[in-house]
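data.cif follows; it contains mmCIF, C-alpha atoms.
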```cif
data_coords
loop_
_atom_site.label_atom_id
_atom_site.label_comp_id
_atom_site.auth_asym_id
_atom_site.auth_seq_id
_atom_site.Cartn_x
_atom_site.Cartn_y
_atom_site.Cartn_z
CA MET A 1 104.03 196.94 55.56
CA ARG A 2 105.84 193.61 55.47
CA GLU A 3 105.83 190.58 57.72
CA VAL A 4 109.29 189.83 59.11
CA VAL A 5 108.34 186.64 60.94
CA ASP A 6 105.00 185.19 61.94
CA GLY A 7 103.02 187.99 63.60
CA VAL A 8 105.82 190.59 63.47
CA PHE A 9 105.28 193.36 60.94
CA GLU A 10 107.45 196.28 59.85
CA LEU A 11 105.84 199.58 58.88
CA SER A 12 108.02 202.24 57.30
CA LEU A 13 106.99 205.82 58.06
CA GLY A 14 109.25 208.10 56.08
CA PHE A 15 112.85 207.39 56.99
CA VAL A 16 112.05 205.37 60.12
CA ASN A 17 110.54 201.96 60.84
CA MET A 18 108.12 200.97 63.56
CA HIS A 19 106.93 197.46 64.31
CA LEU A 20 103.65 195.76 65.17
CA VAL A 21 103.63 192.46 67.05
CA VAL A 22 100.45 190.41 67.19
CA THR A 23 100.22 188.50 70.49
CA ASP A 24 97.56 186.44 72.22
CA ASP A 25 96.79 189.47 74.39
CA GLY A 26 96.58 192.07 71.63
CA VAL A 27 98.92 194.12 69.47
CA VAL A 28 102.21 195.47 70.83
CA LEU A 29 103.81 198.41 69.05
CA VAL A 30 107.56 198.87 69.17
CA ASP A 31 107.98 202.63 68.64
CA THR A 32 105.40 204.76 66.84
CA GLY A 33 107.29 206.55 64.05
CA LEU A 34 107.24 210.17 62.97
CA PRO A 35 104.49 212.52 64.18
CA ARG A 36 101.25 212.88 62.22
CA ASN A 37 101.12 209.26 61.12
CA ALA A 38 98.17 208.06 63.20
CA LYS A 39 96.09 207.32 60.09
CA ARG A 40 98.82 205.14 58.62
CA ILE A 41 99.06 203.18 61.87
CA ASP A 42 95.28 202.72 61.85
CA ARG A 43 95.44 201.51 58.23
CA ALA A 44 98.19 199.02 59.10
CA LEU A 45 96.09 197.69 61.96
CA ARG A 46 93.09 197.28 59.66
CA ASP A 47 95.26 195.34 57.22
CA LEU A 48 95.87 192.91 60.09
CA GLY A 49 92.19 192.71 60.91
CA LYS A 50 92.75 194.83 64.00
CA GLN A 51 91.84 198.28 65.23
CA ILE A 52 93.39 200.84 67.56
CA GLY A 53 91.57 199.37 70.57
CA ASP A 54 93.48 196.12 70.05
CA VAL A 55 96.79 197.84 70.88
CA THR A 56 97.56 196.89 74.46
CA ALA A 57 101.15 198.10 74.88
CA VAL A 58 103.76 200.37 73.31
CA LEU A 59 107.44 199.63 73.87
CA LEU A 60 109.63 202.67 73.16
CA THR A 61 113.27 202.13 72.29
CA HIS A 62 114.20 205.75 73.03
CA ASN A 63 112.90 209.29 73.18
CA HIS A 64 113.80 210.71 69.76
CA PHE A 65 110.98 212.40 67.84
CA ASP A 66 110.92 209.90 64.98
CA HIS A 67 110.31 207.01 67.38
CA ILE A 68 107.75 208.56 69.76
CA GLY A 69 105.88 210.66 67.23
CA ASN A 70 102.44 209.10 67.65
CA VAL A 71 102.66 207.59 71.12
CA ALA A 72 100.42 210.17 72.82
CA ASP A 73 97.68 209.64 70.23
CA VAL A 74 97.95 205.85 70.43
CA ARG A 75 97.85 205.85 74.22
CA ARG A 76 94.87 208.20 74.34
CA ARG A 77 92.77 206.28 71.80
CA SER A 78 93.71 202.72 72.70
CA GLY A 79 94.33 202.82 76.44
CA ALA A 80 97.60 200.97 75.81
CA ARG A 81 100.31 200.96 78.45
CA VAL A 82 103.47 202.79 77.40
CA PHE A 83 106.90 201.51 78.46
CA ALA A 84 110.25 203.33 78.26
CA HIS A 85 113.49 203.43 80.18
CA ALA A 86 113.67 205.72 83.18
CA ALA A 87 116.68 207.55 81.76
CA ASP A 88 114.66 208.70 78.72
CA ALA A 89 111.41 209.36 80.57
CA MET A 90 111.65 213.13 80.80
CA GLY A 91 112.10 213.47 77.06
CA ILE A 92 108.82 211.61 76.53
CA THR A 93 106.71 213.18 79.24
CA GLY A 94 107.79 216.71 78.33
CA VAL A 95 109.54 217.47 81.61
CA ASN A 96 112.75 218.22 79.73
CA GLU A 97 112.94 220.86 77.04
CA PRO A 98 113.76 219.03 73.78
CA VAL A 99 117.26 219.43 72.45
CA GLU A 100 117.51 220.96 68.97
CA PRO A 101 117.79 218.07 66.49
CA LYS A 102 120.79 217.68 64.23
CA GLY A 103 121.23 217.07 60.52
CA LEU A 104 118.19 216.10 58.44
CA ALA A 105 116.17 215.57 61.61
CA LYS A 106 116.33 219.32 62.24
CA PHE A 107 114.45 220.02 59.01
CA ALA A 108 112.02 217.14 59.60
CA VAL A 109 111.02 218.60 62.97
CA ARG A 110 110.44 222.01 61.39
CA LEU A 111 108.28 220.45 58.69
CA ILE A 112 106.37 217.86 60.72
CA GLY A 113 106.42 219.24 64.25
CA ARG A 114 107.39 217.81 67.61
CA PRO A 115 105.70 214.86 69.31
CA GLU A 116 103.00 215.50 71.85
CA PRO A 117 104.23 214.62 75.37
CA THR A 118 102.54 211.75 77.16
CA LYS A 119 102.64 209.97 80.48
CA LEU A 120 104.45 206.69 80.90
CA ASP A 121 102.60 203.79 82.47
CA LYS A 122 105.69 201.74 83.26
CA VAL A 123 109.36 202.68 83.48
CA ILE A 124 112.06 200.18 82.69
CA THR A 125 115.06 200.09 85.00
CA GLY A 126 118.16 197.96 85.26
CA ALA A 127 120.27 196.24 82.63
CA GLU A 128 117.68 193.62 81.74
CA SER A 129 114.00 193.13 82.54
CA THR A 130 110.77 191.58 81.31
CA PRO A 131 108.25 194.32 80.55
CA LEU A 132 105.76 191.97 78.85
CA PRO A 133 105.47 188.19 78.52
CA GLY A 134 107.81 187.03 75.78
CA PHE A 135 109.75 190.30 75.63
CA THR A 136 113.14 191.01 77.23
CA ALA A 137 114.22 194.64 77.56
CA VAL A 138 117.99 195.16 77.29
CA HIS A 139 119.37 198.55 78.29
CA THR A 140 121.59 199.61 75.37
CA PRO A 141 122.71 203.18 76.13
CA GLY A 142 124.77 205.32 73.81
CA HIS A 143 122.34 206.60 71.21
CA THR A 144 120.42 208.00 74.18
CA ARG A 145 121.07 207.36 77.85
CA GLY A 146 117.91 205.32 78.15
CA HIS A 147 117.94 203.47 74.84
CA VAL A 148 116.41 200.00 75.12
CA SER A 149 116.50 197.10 72.68
CA PHE A 150 113.88 194.37 72.92
CA LEU A 151 114.18 190.64 72.36
CA LEU A 152 111.05 188.69 71.46
CA ASP A 153 110.98 184.97 72.16
CA ARG A 154 109.55 183.91 68.79
CA ASP A 155 110.85 182.04 65.75
CA GLY A 156 114.35 181.65 67.17
CA GLY A 157 114.41 185.15 68.62
CA VAL A 158 113.60 188.57 67.14
CA LEU A 159 115.72 191.56 68.14
CA PHE A 160 114.24 195.05 67.95
CA ALA A 161 117.52 196.97 67.90
CA GLY A 162 116.08 200.49 67.71
CA ASP A 163 118.90 202.86 66.80
CA THR A 164 121.72 201.00 68.52
CA ALA A 165 122.35 199.17 65.25
CA SER A 166 121.29 199.44 61.63
CA SER A 167 121.86 197.46 58.45
CA THR A 168 123.41 198.13 55.08
CA ARG A 169 121.75 197.43 51.73
CA ASP A 170 123.57 194.12 51.47
CA GLY A 171 122.25 192.99 54.87
CA LYS A 172 125.32 193.62 57.00
CA VAL A 173 124.95 195.07 60.48
CA THR A 174 126.50 198.41 61.29
CA SER A 175 126.13 201.04 63.97
CA GLY A 176 122.86 202.93 64.12
CA PRO A 177 122.82 206.65 63.29
CA THR A 178 125.47 208.30 65.45
CA GLN A 179 125.08 211.95 64.45
CA ALA A 180 122.49 212.37 67.21
CA SER A 181 124.03 209.92 69.69
CA VAL A 182 124.98 211.16 73.15
CA ASP A 183 127.91 208.72 73.31
CA PRO A 184 128.86 206.83 70.12
CA ALA A 185 131.54 204.81 71.92
CA GLU A 186 129.00 203.58 74.44
CA GLN A 187 126.62 202.82 71.58
CA SER A 188 129.30 200.56 70.10
CA ARG A 189 129.67 198.78 73.44
CA SER A 190 125.90 198.27 73.52
CA LEU A 191 125.96 196.78 70.04
CA ALA A 192 128.65 194.35 71.21
CA LYS A 193 126.47 193.53 74.22
CA LEU A 194 123.62 192.53 71.91
CA ALA A 195 126.01 190.20 70.09
CA GLY A 196 126.16 188.14 73.29
CA TYR A 197 122.52 187.11 72.99
CA GLU A 198 120.93 184.58 70.63
CA PHE A 199 118.45 185.60 67.93
CA GLU A 200 117.65 184.64 64.36
CA HIS A 201 116.14 187.92 63.18
CA ALA A 202 116.85 191.60 63.75
CA VAL A 203 114.84 194.69 62.87
CA PHE A 204 115.94 198.29 63.10
CA GLY A 205 114.65 201.83 63.35
CA HIS A 206 116.63 202.56 60.18
CA GLY A 207 117.63 199.85 57.75
CA ARG A 208 116.32 196.58 56.37
CA ALA A 209 115.51 193.59 58.57
CA VAL A 210 118.11 190.82 58.74
CA SER A 211 116.94 187.21 58.99
CA GLY A 212 118.77 183.92 59.36
CA ARG A 213 121.29 183.91 62.22
CA ALA A 214 121.19 187.68 62.39
CA VAL A 215 123.25 187.54 65.56
CA GLU A 216 126.25 186.40 63.53
CA SER A 217 126.17 189.72 61.66
CA PHE A 218 126.19 191.49 65.01
CA ARG A 219 129.14 189.42 66.15
CA ALA A 220 131.06 190.11 62.97
CA TYR A 221 130.57 193.85 63.39
CA ALA A 222 131.33 193.70 67.10
CA ARG A 223 134.65 191.98 66.39
CA SER A 224 135.61 194.95 64.20
CA LEU A 225 135.11 197.45 67.03
CA PRO A 226 138.22 198.56 68.93
CA GLY A 227 138.19 196.89 72.33
CA ALA A 228 134.69 195.43 71.89
CA GLY A 229 134.76 191.66 71.74
CA ALA A 230 131.51 189.97 70.82
CA GLY A 231 129.53 189.01 73.86
CA GLU A 232 131.85 190.67 76.34
CA SER A 233 128.85 192.34 77.94
CA GLY A 234 126.31 189.63 77.15
CA PRO A 235 123.09 188.64 78.84
CA ASP A 236 124.76 187.86 82.16
CA ALA A 237 126.21 191.34 82.50
CA GLY A 238 123.80 192.12 85.27
CA SER A 239 120.07 192.41 85.66
CA GLY A 240 117.72 194.82 87.26
CA PRO A 241 114.15 194.59 88.41
CA SER A 242 111.41 193.91 85.92
CA ALA A 243 109.70 196.85 84.32
CA GLU A 244 107.95 198.52 87.18
CA SER A 245 105.55 201.30 87.87
CA GLY A 246 107.16 204.53 88.87
CA PRO A 247 107.02 208.26 88.53
CA ASP A 248 108.36 209.91 85.42
CA THR A 249 111.35 211.23 87.30
CA SER A 250 114.79 210.14 86.22
CA THR A 251 118.03 211.32 84.75
CA GLY A 252 116.17 212.27 81.58
CA GLY A 253 117.52 212.26 78.08
CA ASP A 254 117.80 214.41 75.04
CA GLN A 255 115.29 214.43 72.24
CA ALA A 256 117.77 215.20 69.52
CA GLY A 257 116.08 213.26 66.73
CA ARG A 258 116.93 210.05 64.95
#
```

Produce structure tokens that represent the structure in this file.
Amino acid sequence: MREVVDGVFELSLGFVNMHLVVTDDGVVLVDTGLPRNAKRIDRALRDLGKQIGDVTAVLLTHNHFDHIGNVADVRRRSGARVFAHAADAMGITGVNEPVEPKGLAKFAVRLIGRPEPTKLDKVITGAESTPLPGFTAVHTPGHTRGHVSFLLDRDGGVLFAGDTASSTRDGKVTSGPTQASVDPAEQSRSLAKLAGYEFEHAVFGHGRAVSGRAVESFRAYARSLPGAGAGESGPDAGSGPSAESGPDTSTGGDQAGR
């Protein structure tokens, strides 16, 4: 586990990253990694002088198995509230039958197993909302229909990009894994949308964190996309209501992995 900025920690679980954010109100998890990693999450919390009961909220970027793998266990043991976008809700609650994963994810599911379904405590709707103090949820569809990226107002801004974007070994931003994306073109538009915000640091579901005007790397990549100018769908592209309580009924989403 490594500290990205003050109070923001990255924990790698196999081929995917999850993140722990220490706040005045407790620990917020952004995603929960691959299934069967509850003990590693507990160990990471202990390293921070925390325990599972200190987790107050889980923000899910999307419903793929490597990002929601331990959410049911965390919710059950901590009492944390779980947030996800309405369009991905059915893939988390188990209402939808999971779609067969593709590529390496297919073998990982066979080896590790599928995530346990869980209820959502809050569903995120609209293009932009504030699920928790200090966090902005930005709807970034493409990888899944309900993919959400989160911006944390800390140390110049920290972007949790989920699988909308990733990074190369030399720290450049690129598209997140597209082999399991429902709409790669829309994913590219969402990446360009993120380039319209301001943030110093970016972390990803897959890839190394980027620090120091990370948004400029997003803008450089966005400029290379056909028809996707940086910031063309920026933070003023429309807003919806704040994260709100609601039933787990929505347009659903696939659970295709990665």

_Selection: 10 Å around stretch 22-24 of chain A, all atoms listed in the file, excl. self and same-chain fewer than 5 positions, as a ChimeraX atom specification_ = /A:6-9,29,45,48,50,54-56,133-134

Serialized selection, C-alpha atoms, as a PDB file, in the frame of the given file:
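The new file part_7.pdb reads:
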```pdb
ATOM      1  CA  ASP A   6     105.000 185.190  61.940  1.00  0.00           C
ATOM      2  CA  GLY A   7     103.020 187.990  63.600  1.00  0.00           C
ATOM      3  CA  VAL A   8     105.820 190.590  63.470  1.00  0.00           C
ATOM      4  CA  PHE A   9     105.280 193.360  60.940  1.00  0.00           C
ATOM      5  CA  LEU A  29     103.810 198.410  69.050  1.00  0.00           C
ATOM      6  CA  LEU A  45      96.090 197.690  61.960  1.00  0.00           C
ATOM      7  CA  LEU A  48      95.870 192.910  60.090  1.00  0.00           C
ATOM      8  CA  LYS A  50      92.750 194.830  64.000  1.00  0.00           C
ATOM      9  CA  ASP A  54      93.480 196.120  70.050  1.00  0.00           C
ATOM     10  CA  VAL A  55      96.790 197.840  70.880  1.00  0.00           C
ATOM     11  CA  THR A  56      97.560 196.890  74.460  1.00  0.00           C
ATOM     12  CA  PRO A 133     105.470 188.190  78.520  1.00  0.00           C
ATOM     13  CA  GLY A 134     107.810 187.030  75.780  1.00  0.00           C
TER      14      GLY A 134
END
```

*asked:* Which residues, named as in the file, does the PyMOL selection byres ((chain A and resi 53) around 12) pick out? Answer as a ChimeraX atom specification.
replied: /A:25-28,42,45-46,49-52,54-57,73-81

*Just so the selection is clear, what residues does the PyMOL selection byres ((chain A and resi 162-171) around 8) cover here, as a VMD selection string?*
chain A and resid 61 to 62 140 to 143 147 to 149 160 to 161 172 to 177 187 to 188 190 to 191 203 to 210 258

_Could you list, as a list of chain:residue names, every residue matched by the PyMOL selection byres ((chain A and resi 17) around 7) in this structure?_
A:Glu10, A:Leu11, A:Ser12, A:Leu13, A:Val16, A:Met18, A:His19, A:Gly33, A:Phe204, A:Gly205, A:His206

How big is the axis-aligned box around all listed atoms of stretch 153-171 of chain A once 3 Å goes on each side, and where's its centre, in Å to one decimal, as lines of an AutoDock Vina configuration file?
```
center_x = 116.6
center_y = 192.3
center_z = 61.8
size_x = 20.0
size_y = 27.2
size_z = 26.7
```

*Would you work out the distance separating atom CA of A:Asp121 from atom CA of A:Val182, expressed in Å to one decimal?*
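Rounded to one decimal, the two atoms are 25.3 Å apart.
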
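Nearest to A:Thr178 of all the residues A:Ile92, A:Pro131, A:Thr144, A:Leu194 is A:Thr144, counting all atoms listed in the file.
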
*Would you mind reading off the distance between atom CA of A:Val82 and atom CA of A:Gly69, one decimal, in Å?*
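The value is 13.1 Å.
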
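When atom CA of A:Val5 is paired with atom CA of A:Glu200, their separation reads 10.1 Å.
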